[in-house]
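One file, work.cif, carrying mmCIF, C-alpha atoms:
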```
data_coords
#
loop_
_atom_site.group_PDB
_atom_site.id
_atom_site.type_symbol
_atom_site.label_atom_id
_atom_site.label_comp_id
_atom_site.auth_asym_id
_atom_site.auth_seq_id
_atom_site.Cartn_x
_atom_site.Cartn_y
_atom_site.Cartn_z
ATOM 1 C CA MET V 1199 0.000 0.000 0.000
ATOM 2 C CA ALA V 1200 1.465 3.353 -1.004
ATOM 3 C CA SER V 1201 1.857 6.130 1.551
ATOM 4 C CA PHE V 1202 2.527 9.795 0.825
ATOM 5 C CA PHE V 1203 4.467 12.326 2.900
ATOM 6 C CA GLN V 1204 5.274 16.020 2.449
ATOM 7 C CA THR V 1205 8.822 15.666 3.821
ATOM 8 C CA LEU V 1206 11.465 13.048 4.417
ATOM 9 C CA THR V 1207 11.206 11.412 7.821
ATOM 10 C CA PRO V 1208 14.399 10.541 9.723
ATOM 11 C CA VAL V 1209 13.808 6.849 8.905
ATOM 12 C CA LEU V 1210 13.504 7.589 5.167
ATOM 13 C CA ALA V 1211 16.553 9.874 5.248
ATOM 14 C CA GLU V 1212 18.551 7.041 6.828
ATOM 15 C CA PHE V 1213 17.288 4.663 4.133
ATOM 16 C CA ILE V 1214 18.654 7.079 1.510
ATOM 17 C CA VAL V 1215 22.019 7.338 3.281
ATOM 18 C CA GLN V 1216 22.343 3.536 3.363
ATOM 19 C CA SER V 1217 21.343 2.954 -0.284
ATOM 20 C CA PRO V 1218 24.199 2.153 -2.689
ATOM 21 C CA ILE V 1219 22.068 2.854 -5.783
ATOM 22 C CA PHE V 1220 19.284 5.214 -6.797
ATOM 23 C CA PHE V 1221 17.472 6.016 -10.018
ATOM 24 C CA VAL V 1222 16.746 9.425 -11.539
ATOM 25 C CA ALA V 1223 13.862 10.016 -13.958
ATOM 26 C CA SER V 1224 13.294 13.199 -15.931
ATOM 27 C CA ALA V 1225 11.504 14.413 -19.023
ATOM 28 C CA ALA V 1226 11.239 17.560 -21.050
ATOM 29 C CA SER V 1227 7.854 18.823 -22.171
ATOM 30 C CA THR V 1228 8.323 16.720 -25.332
ATOM 31 C CA GLY V 1229 10.695 13.951 -26.373
ATOM 32 C CA ARG V 1230 12.094 10.973 -24.543
ATOM 33 C CA VAL V 1231 11.757 10.203 -20.845
ATOM 34 C CA ASN V 1232 15.153 9.517 -19.271
ATOM 35 C CA LEU V 1233 15.796 7.042 -16.477
ATOM 36 C CA SER V 1234 19.330 6.623 -15.144
ATOM 37 C CA PRO V 1235 20.865 4.502 -12.393
ATOM 38 C CA LYS V 1236 23.300 6.320 -10.082
ATOM 39 C CA GLY V 1237 25.710 5.177 -7.412
ATOM 40 C CA THR V 1238 29.283 5.820 -6.257
ATOM 41 C CA ASP V 1239 28.136 7.170 -2.883
ATOM 42 C CA SER V 1240 26.929 10.347 -4.568
ATOM 43 C CA LEU V 1241 23.510 11.092 -2.987
ATOM 44 C CA ARG V 1242 23.094 13.328 0.072
ATOM 45 C CA VAL V 1243 20.110 14.345 2.185
ATOM 46 C CA LEU V 1244 20.485 18.100 2.755
ATOM 47 C CA ASN V 1245 17.303 18.500 4.812
ATOM 48 C CA ASP V 1246 13.800 17.026 4.997
ATOM 49 C CA LYS V 1247 12.799 18.716 1.705
ATOM 50 C CA THR V 1248 16.070 18.618 -0.266
ATOM 51 C CA VAL V 1249 18.427 15.976 -1.603
ATOM 52 C CA ALA V 1250 21.350 16.399 -3.986
ATOM 53 C CA TYR V 1251 23.677 14.172 -5.928
ATOM 54 C CA LEU V 1252 27.124 14.685 -7.360
ATOM 55 C CA ASP V 1253 26.771 14.075 -11.084
ATOM 56 C CA PHE V 1254 29.618 12.544 -13.072
ATOM 57 C CA THR V 1255 30.582 12.950 -16.702
ATOM 58 C CA GLY V 1256 28.900 10.344 -18.842
ATOM 59 C CA SER V 1257 27.840 9.644 -22.383
ATOM 60 C CA GLY V 1258 24.972 12.111 -22.065
ATOM 61 C CA ASN V 1259 23.527 14.847 -19.877
ATOM 62 C CA GLU V 1260 19.797 14.245 -20.206
ATOM 63 C CA THR V 1261 18.766 15.147 -16.666
ATOM 64 C CA SER V 1262 20.268 18.629 -16.921
ATOM 65 C CA ALA V 1263 18.550 19.299 -20.233
ATOM 66 C CA HIS V 1264 15.220 18.127 -18.852
ATOM 67 C CA ILE V 1265 15.535 20.203 -15.680
ATOM 68 C CA LEU V 1266 16.309 23.305 -17.731
ATOM 69 C CA ASN V 1267 13.369 22.594 -20.047
ATOM 70 C CA ASP V 1268 10.683 21.443 -17.628
ATOM 71 C CA GLY V 1269 12.086 21.192 -14.105
ATOM 72 C CA ARG V 1270 10.377 17.968 -13.058
ATOM 73 C CA LEU V 1271 12.585 15.354 -11.440
ATOM 74 C CA THR V 1272 11.867 12.038 -9.724
ATOM 75 C CA MET V 1273 14.264 9.879 -7.746
ATOM 76 C CA MET V 1274 13.602 6.298 -6.750
ATOM 77 C CA LEU V 1275 15.415 4.108 -4.270
ATOM 78 C CA CYS V 1276 14.568 0.533 -3.418
ATOM 79 C CA SER V 1277 15.700 -2.017 -0.914
ATOM 80 C CA PHE V 1278 17.358 -5.151 -2.213
ATOM 81 C CA GLY V 1279 17.839 -6.429 1.350
ATOM 82 C CA ALA V 1280 15.654 -8.309 3.824
ATOM 83 C CA LYS V 1281 13.191 -5.473 4.504
ATOM 84 C CA PRO V 1282 11.414 -4.448 1.254
ATOM 85 C CA LEU V 1283 10.773 -0.774 0.516
ATOM 86 C CA ILE V 1284 10.447 1.492 -2.508
ATOM 87 C CA LEU V 1285 10.936 5.224 -1.972
ATOM 88 C CA ARG V 1286 10.082 7.846 -4.580
ATOM 89 C CA LEU V 1287 10.930 11.535 -4.281
ATOM 90 C CA TYR V 1288 8.997 13.892 -6.571
ATOM 91 C CA GLY V 1289 9.872 17.512 -7.111
ATOM 92 C CA ARG V 1290 11.708 20.172 -9.054
ATOM 93 C CA GLY V 1291 15.328 19.872 -10.044
ATOM 94 C CA GLU V 1292 18.119 22.415 -9.981
ATOM 95 C CA VAL V 1293 21.476 22.122 -11.745
ATOM 96 C CA VAL V 1294 24.480 23.616 -9.934
ATOM 97 C CA GLN V 1295 27.753 23.905 -11.827
ATOM 98 C CA PRO V 1296 31.242 24.658 -10.449
ATOM 99 C CA THR V 1297 30.968 28.299 -11.559
ATOM 100 C CA ASP V 1298 27.659 28.838 -9.701
ATOM 101 C CA ALA V 1299 27.550 30.665 -6.369
ATOM 102 C CA LYS V 1300 25.960 27.651 -4.613
ATOM 103 C CA TRP V 1301 28.727 25.260 -5.694
ATOM 104 C CA ASN V 1302 31.117 25.701 -2.763
ATOM 105 C CA ASP V 1303 28.407 25.186 -0.151
ATOM 106 C CA LEU V 1304 27.009 22.120 -1.913
ATOM 107 C CA ILE V 1305 30.284 20.424 -2.827
ATOM 108 C CA ALA V 1306 31.253 20.476 0.857
ATOM 109 C CA ASN V 1307 28.671 17.671 1.328
ATOM 110 C CA PHE V 1308 30.561 15.326 -0.977
ATOM 111 C CA THR V 1309 33.947 13.713 -1.291
ATOM 112 C CA SER V 1310 35.492 15.287 -4.377
ATOM 113 C CA ALA V 1311 35.898 12.683 -7.096
ATOM 114 C CA ALA V 1312 37.396 12.371 -10.552
ATOM 115 C CA GLY V 1313 34.805 12.981 -13.259
ATOM 116 C CA GLN V 1314 32.470 15.160 -11.216
ATOM 117 C CA ARG V 1315 30.544 17.426 -13.558
ATOM 118 C CA GLN V 1316 27.786 19.201 -11.627
ATOM 119 C CA ILE V 1317 25.480 18.787 -8.668
ATOM 120 C CA LEU V 1318 21.815 18.073 -9.211
ATOM 121 C CA VAL V 1319 19.477 19.182 -6.450
ATOM 122 C CA LEU V 1320 15.956 17.866 -5.944
ATOM 123 C CA HIS V 1321 13.585 20.195 -4.107
ATOM 124 C CA VAL V 1322 11.135 17.608 -2.791
ATOM 125 C CA GLU V 1323 7.433 18.329 -3.211
ATOM 126 C CA SER V 1324 6.131 14.858 -2.390
ATOM 127 C CA VAL V 1325 7.472 11.605 -0.941
ATOM 128 C CA GLN V 1326 5.945 8.202 -1.623
ATOM 129 C CA THR V 1327 6.711 4.821 -0.085
ATOM 130 C CA SER V 1328 5.424 1.469 -1.276
ATOM 131 C CA CYS V 1329 5.981 -2.136 -0.279
ATOM 132 C CA GLY V 1330 8.658 -3.348 -2.691
ATOM 133 C CA PHE V 1331 7.487 -6.956 -2.331
ATOM 134 C CA GLY V 1332 8.283 -7.599 -6.016
ATOM 135 C CA VAL V 1333 11.882 -6.315 -5.829
ATOM 136 C CA PRO V 1334 14.410 -9.162 -5.675
ATOM 137 C CA LYS V 1335 16.856 -9.617 -2.812
ATOM 138 C CA MET V 1336 20.391 -8.912 -3.955
ATOM 139 C CA GLN V 1337 23.688 -8.227 -2.253
ATOM 140 C CA PHE V 1338 25.793 -5.091 -2.775
ATOM 141 C CA VAL V 1339 29.411 -5.977 -3.575
ATOM 142 C CA GLU V 1340 31.157 -2.655 -4.181
ATOM 143 C CA HIS V 1341 31.067 0.602 -6.122
ATOM 144 C CA ARG V 1342 32.795 0.547 -9.507
ATOM 145 C CA ASP V 1343 35.941 2.594 -10.035
ATOM 146 C CA GLN V 1344 35.814 2.808 -13.848
ATOM 147 C CA ILE V 1345 34.575 6.428 -13.968
ATOM 148 C CA SER V 1346 37.487 7.735 -11.913
ATOM 149 C CA ASN V 1347 40.011 5.580 -13.791
ATOM 150 C CA TRP V 1348 38.638 6.747 -17.146
ATOM 151 C CA THR V 1349 38.606 10.395 -16.049
ATOM 152 C CA ASN V 1350 42.141 10.292 -14.627
ATOM 153 C CA LYS V 1351 43.415 8.704 -17.841
ATOM 154 C CA LYS V 1352 41.853 11.450 -19.978
ATOM 155 C CA GLY V 1353 42.985 14.471 -17.957
ATOM 156 C CA ALA V 1354 41.345 17.899 -17.750
ATOM 157 C CA SER V 1355 41.706 19.032 -21.370
ATOM 158 C CA GLU V 1356 40.456 15.753 -22.850
ATOM 159 C CA MET V 1357 37.551 15.763 -20.406
ATOM 160 C CA ALA V 1358 36.580 19.281 -21.532
ATOM 161 C CA GLU V 1359 36.712 18.083 -25.161
ATOM 162 C CA TYR V 1360 34.606 15.038 -24.326
ATOM 163 C CA ARG V 1361 31.997 17.136 -22.502
ATOM 164 C CA ALA V 1362 31.882 19.578 -25.420
ATOM 165 C CA LYS V 1363 31.221 16.690 -27.785
ATOM 166 C CA LYS V 1364 28.843 14.576 -25.682
ATOM 167 C CA ASN V 1365 27.277 16.697 -22.911
ATOM 168 C CA LEU V 1366 26.062 20.006 -24.376
ATOM 169 C CA THR V 1367 22.764 18.781 -25.799
ATOM 170 C CA SER V 1368 20.354 15.994 -24.954
ATOM 171 C CA ILE V 1369 19.584 13.161 -27.337
ATOM 172 C CA ASP V 1370 16.520 15.195 -28.359
ATOM 173 C CA GLY V 1371 18.675 18.272 -29.081
ATOM 174 C CA LEU V 1372 17.867 20.275 -25.935
ATOM 175 C CA PRO V 1373 20.639 22.400 -24.388
ATOM 176 C CA THR V 1374 22.049 21.132 -21.092
ATOM 177 C CA GLY V 1375 23.527 24.446 -19.948
ATOM 178 C CA LEU V 1376 26.879 22.789 -19.262
ATOM 179 C CA ASN V 1377 30.067 24.787 -19.676
ATOM 180 C CA PRO V 1378 32.456 21.926 -20.528
ATOM 181 C CA SER V 1379 35.612 23.747 -19.476
ATOM 182 C CA SER V 1380 34.213 24.867 -16.125
ATOM 183 C CA ALA V 1381 32.962 21.442 -15.054
ATOM 184 C CA ALA V 1382 34.984 19.992 -12.231
ATOM 185 C CA SER V 1383 37.429 17.336 -13.347
#
```
Final structure tokens representation of the file:
Amino acid sequence: MASFFQTLTPVLAEFIVQSPIFFVASAASTGRVNLSPKGTDSLRVLNDKTVAYLDFTGSGNETSAHILNDGRLTMMLCSFGAKPLILRLYGRGEVVQPTDAKWNDLIANFTSAAGQRQILVLHVESVQTSCGFGVPKMQFVEHRDQISNWTNKKGASEMAEYRAKKNLTSIDGLPTGLNPSSAAS
């Protein structure tokens, strides 16, 4: 049975802190819906109405484009352990880049990591929990280190080139607002 909340409870915030993976869904007013898995210990609870994650350079930058176009953002976390739970956070997204005034305050919540590109903030409007009885039990082994290895191998100038080639527009041609040379390495 689904339950709705206006804010994150301490129990739900702890569930977020303990989760090794989360999923981010976004969409522009038209075009594709994007759904991406995230990990690498990159999600933080800032308060009972705000969460943020450190976003890493990847093959695309859909979430940023969708936030700039429409603003809607949903995050989902689910338990793969003994106690089933699905947690969805609905709200409005905000993209914070290294050149933005909010960057220094936000980045202090994270361990700086190779490949970091921007911070995505979710201003929570609604929280939903559901049973998760259909989610399989699985065991977390470890976070992958490929993103940091790949980033370190490329170096700052190659990363800026890569971002300029792959991260400035969405797959539907929407601008992402990313300044490839200002993104954190």
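In this structure, atom CA of Ala1263 of chain V sits 21.6 Å away from atom CA of Arg1242 of chain V.
Applied to the file shown here, the PyMOL selection byres ((chain V and resi 1264) around 8) selects V:Ser1224, V:Ala1225, V:Ala1226, V:Glu1260, V:Thr1261, V:Ser1262, V:Ala1263, V:Ile1265, V:Leu1266, V:Asn1267, V:Asp1268, V:Gly1269, V:Arg1270, V:Leu1372, V:Thr1374.
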Next item on the list: State, in Å with one decimal place, the distance from atom CA of Glu1356 of chain V to atom CA of Gly1313 of chain V.
Entry: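 Computing it gives 11.5 Å between the two atoms.
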What's around Trp1301 of chain V at 12 Å? Count only C-alpha atoms, leave out sequence neighbours fewer than 4 positions away in its own chain, and write the answer as a PDB file with C-alpha atoms, in the frame of the given file.
```pdb
ATOM      1  CA  ALA V1250      21.350  16.399  -3.986  1.00  0.00           C
ATOM      2  CA  LEU V1252      27.124  14.685  -7.360  1.00  0.00           C
ATOM      3  CA  GLU V1292      18.119  22.415  -9.981  1.00  0.00           C
ATOM      4  CA  VAL V1293      21.476  22.122 -11.745  1.00  0.00           C
ATOM      5  CA  VAL V1294      24.480  23.616  -9.934  1.00  0.00           C
ATOM      6  CA  GLN V1295      27.753  23.905 -11.827  1.00  0.00           C
ATOM      7  CA  PRO V1296      31.242  24.658 -10.449  1.00  0.00           C
ATOM      8  CA  THR V1297      30.968  28.299 -11.559  1.00  0.00           C
ATOM      9  CA  ILE V1305      30.284  20.424  -2.827  1.00  0.00           C
ATOM     10  CA  ALA V1306      31.253  20.476   0.857  1.00  0.00           C
ATOM     11  CA  ASN V1307      28.671  17.671   1.328  1.00  0.00           C
ATOM     12  CA  PHE V1308      30.561  15.326  -0.977  1.00  0.00           C
ATOM     13  CA  ARG V1315      30.544  17.426 -13.558  1.00  0.00           C
ATOM     14  CA  GLN V1316      27.786  19.201 -11.627  1.00  0.00           C
ATOM     15  CA  ILE V1317      25.480  18.787  -8.668  1.00  0.00           C
ATOM     16  CA  LEU V1318      21.815  18.073  -9.211  1.00  0.00           C
ATOM     17  CA  VAL V1319      19.477  19.182  -6.450  1.00  0.00           C
ATOM     18  CA  SER V1380      34.213  24.867 -16.125  1.00  0.00           C
ATOM     19  CA  ALA V1381      32.962  21.442 -15.054  1.00  0.00           C
ATOM     20  CA  ALA V1382      34.984  19.992 -12.231  1.00  0.00           C
TER      21      ALA V1382
END
```
Check: Between atom CA of Phe1254 of chain V and atom CA of Leu1366 of chain V, what is the spacing in Å?
Finding: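 We find that atom CA of Leu1366 of chain V and atom CA of Phe1254 of chain V lie 14.0 Å from each other.
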Notebook entry, point to check: Using all atoms listed in the file, which residues sit within 9 Å of Thr1349 of chain V once same-chain residues fewer than 4 positions away are excluded, as a ChimeraX atom specification?
Noted result: /V:1255,1312-1313,1344-1345,1353-1354,1356-1357,1383
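Proximity to Phe1202 of chain V was assessed for V:Gln1326, V:Met1273, V:Gly1289, V:Leu1244 counting all atoms listed in the file; the smallest distance is recorded for V:Gln1326.
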Next item on the list: Name the residues that the PyMOL selection byres ((chain V and resi 1281) around 10) pulls out of this structure, and write them as a PyMOL selection string.
Entry: chain V and resi 1277-1280+1282-1283+1329-1331+1335
Next item on the list: Choose the residue, out of V:Asn1377, V:Ser1217, V:Thr1327, V:Ser1227, that has the smallest atom-to-atom separation from Asn1259 of chain V; count only C-alpha atoms.
Entry: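 Distance minimum relative to Asn1259 of chain V lands on V:Asn1377.
Close contacts of Phe1221 of chain V, defined as residues with an atom at most 12 Å away when counting only C-alpha atoms, with chain neighbours fewer than 5 positions off set aside, comprise Ile1214, Asn1232, Leu1233, Ser1234, Pro1235, Lys1236, Gly1237, Ser1240, Leu1241, Tyr1251, Thr1261, Leu1271, Thr1272, Met1273, Met1274, Leu1275, Cys1276, Ile1284, Leu1285, Arg1286 and Leu1287 of chain V.
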Notebook entry, point to check: Between V:Val1339, V:Ala1299, V:Leu1376, V:Ala1311, which has the minimum distance to Ile1219 of chain V (counting only C-alpha atoms)?
Noted result: V:Val1339
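Considering the residues V:Glu1359, V:Ser1257, V:Thr1238, V:Pro1334 and counting only C-alpha atoms, Ser1310 of chain V has its shortest atom-to-atom contact with V:Thr1238.
Proximity to Ser1201 of chain V was assessed for V:Val1325, V:Gly1332, V:Asp1239, V:Asn1350 counting all atoms listed in the file; the smallest distance is recorded for V:Val1325.
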Note to self: Can you translate the PyMOL selection byres ((chain V and resi 1203-1208) around 6) into the concrete residues it hits in this file, as a count of residues only?
What the structure shows: 8
What would segment 1293-1324 of chain V look like with N, CA and C atoms restored, written as a short mmCIF file (atom, residue, chain, number, x, y, z; two decimals), in the frame of the given file?
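See rebuild.cif below for the written result:
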```
data_model
loop_
_atom_site.label_atom_id
_atom_site.label_comp_id
_atom_site.auth_asym_id
_atom_site.auth_seq_id
_atom_site.Cartn_x
_atom_site.Cartn_y
_atom_site.Cartn_z
N VAL V 1293 20.12 22.49 -11.33
CA VAL V 1293 21.48 22.12 -11.74
C VAL V 1293 22.44 23.17 -11.20
N VAL V 1294 23.47 22.71 -10.49
CA VAL V 1294 24.48 23.62 -9.93
C VAL V 1294 25.83 23.21 -10.51
N GLN V 1295 26.45 24.15 -11.21
CA GLN V 1295 27.75 23.90 -11.83
C GLN V 1295 28.86 24.55 -11.00
N PRO V 1296 30.12 24.13 -11.23
CA PRO V 1296 31.24 24.66 -10.45
C PRO V 1296 31.39 26.18 -10.47
N THR V 1297 30.87 26.84 -11.48
CA THR V 1297 30.97 28.30 -11.56
C THR V 1297 29.81 29.01 -10.85
N ASP V 1298 28.82 28.25 -10.37
CA ASP V 1298 27.66 28.84 -9.70
C ASP V 1298 27.97 29.19 -8.25
N ALA V 1299 27.32 30.20 -7.74
CA ALA V 1299 27.55 30.66 -6.37
C ALA V 1299 27.27 29.58 -5.32
N LYS V 1300 26.32 28.70 -5.57
CA LYS V 1300 25.96 27.65 -4.61
C LYS V 1300 26.95 26.50 -4.57
N TRP V 1301 27.84 26.42 -5.56
CA TRP V 1301 28.73 25.26 -5.69
C TRP V 1301 29.54 24.96 -4.43
N ASN V 1302 30.23 25.95 -3.90
CA ASN V 1302 31.12 25.70 -2.76
C ASN V 1302 30.37 25.16 -1.55
N ASP V 1303 29.19 25.69 -1.27
CA ASP V 1303 28.41 25.19 -0.15
C ASP V 1303 27.95 23.75 -0.39
N LEU V 1304 27.51 23.47 -1.61
CA LEU V 1304 27.01 22.12 -1.91
C LEU V 1304 28.12 21.08 -1.99
N ILE V 1305 29.22 21.41 -2.64
CA ILE V 1305 30.28 20.42 -2.83
C ILE V 1305 30.88 20.00 -1.49
N ALA V 1306 30.74 20.82 -0.47
CA ALA V 1306 31.25 20.48 0.86
C ALA V 1306 30.55 19.24 1.43
N ASN V 1307 29.40 18.86 0.88
CA ASN V 1307 28.67 17.67 1.33
C ASN V 1307 29.19 16.37 0.72
N PHE V 1308 30.10 16.49 -0.24
CA PHE V 1308 30.56 15.33 -0.98
C PHE V 1308 32.07 15.16 -0.85
N THR V 1309 32.53 13.96 -1.13
CA THR V 1309 33.95 13.71 -1.29
C THR V 1309 34.25 14.00 -2.76
N SER V 1310 35.14 14.94 -3.01
CA SER V 1310 35.49 15.29 -4.38
C SER V 1310 35.98 14.04 -5.11
N ALA V 1311 35.56 13.89 -6.35
CA ALA V 1311 35.90 12.68 -7.10
C ALA V 1311 36.20 13.01 -8.56
N ALA V 1312 37.06 12.22 -9.13
CA ALA V 1312 37.40 12.37 -10.55
C ALA V 1312 36.12 12.21 -11.38
N GLY V 1313 35.95 13.07 -12.36
CA GLY V 1313 34.80 12.98 -13.26
C GLY V 1313 33.59 13.77 -12.82
N GLN V 1314 33.65 14.41 -11.65
CA GLN V 1314 32.47 15.16 -11.22
C GLN V 1314 32.21 16.29 -12.20
N ARG V 1315 30.93 16.49 -12.51
CA ARG V 1315 30.54 17.43 -13.56
C ARG V 1315 29.68 18.56 -13.02
N GLN V 1316 28.74 18.24 -12.16
CA GLN V 1316 27.79 19.20 -11.63
C GLN V 1316 27.08 18.55 -10.45
N ILE V 1317 26.30 19.32 -9.75
CA ILE V 1317 25.48 18.79 -8.67
C ILE V 1317 24.03 19.01 -9.06
N LEU V 1318 23.23 17.96 -8.92
CA LEU V 1318 21.82 18.07 -9.21
C LEU V 1318 21.05 18.02 -7.89
N VAL V 1319 20.23 19.02 -7.69
CA VAL V 1319 19.48 19.18 -6.45
C VAL V 1319 18.01 18.89 -6.74
N LEU V 1320 17.38 18.11 -5.85
CA LEU V 1320 15.96 17.87 -5.94
C LEU V 1320 15.27 18.55 -4.78
N HIS V 1321 14.41 19.51 -5.10
CA HIS V 1321 13.58 20.20 -4.11
C HIS V 1321 12.30 19.37 -4.01
N VAL V 1322 12.19 18.61 -2.95
CA VAL V 1322 11.14 17.61 -2.79
C VAL V 1322 9.78 18.27 -2.56
N GLU V 1323 8.81 17.88 -3.37
CA GLU V 1323 7.43 18.33 -3.21
C GLU V 1323 6.54 17.24 -2.63
N SER V 1324 6.92 15.99 -2.86
CA SER V 1324 6.13 14.86 -2.39
C SER V 1324 7.03 13.64 -2.24
#
```
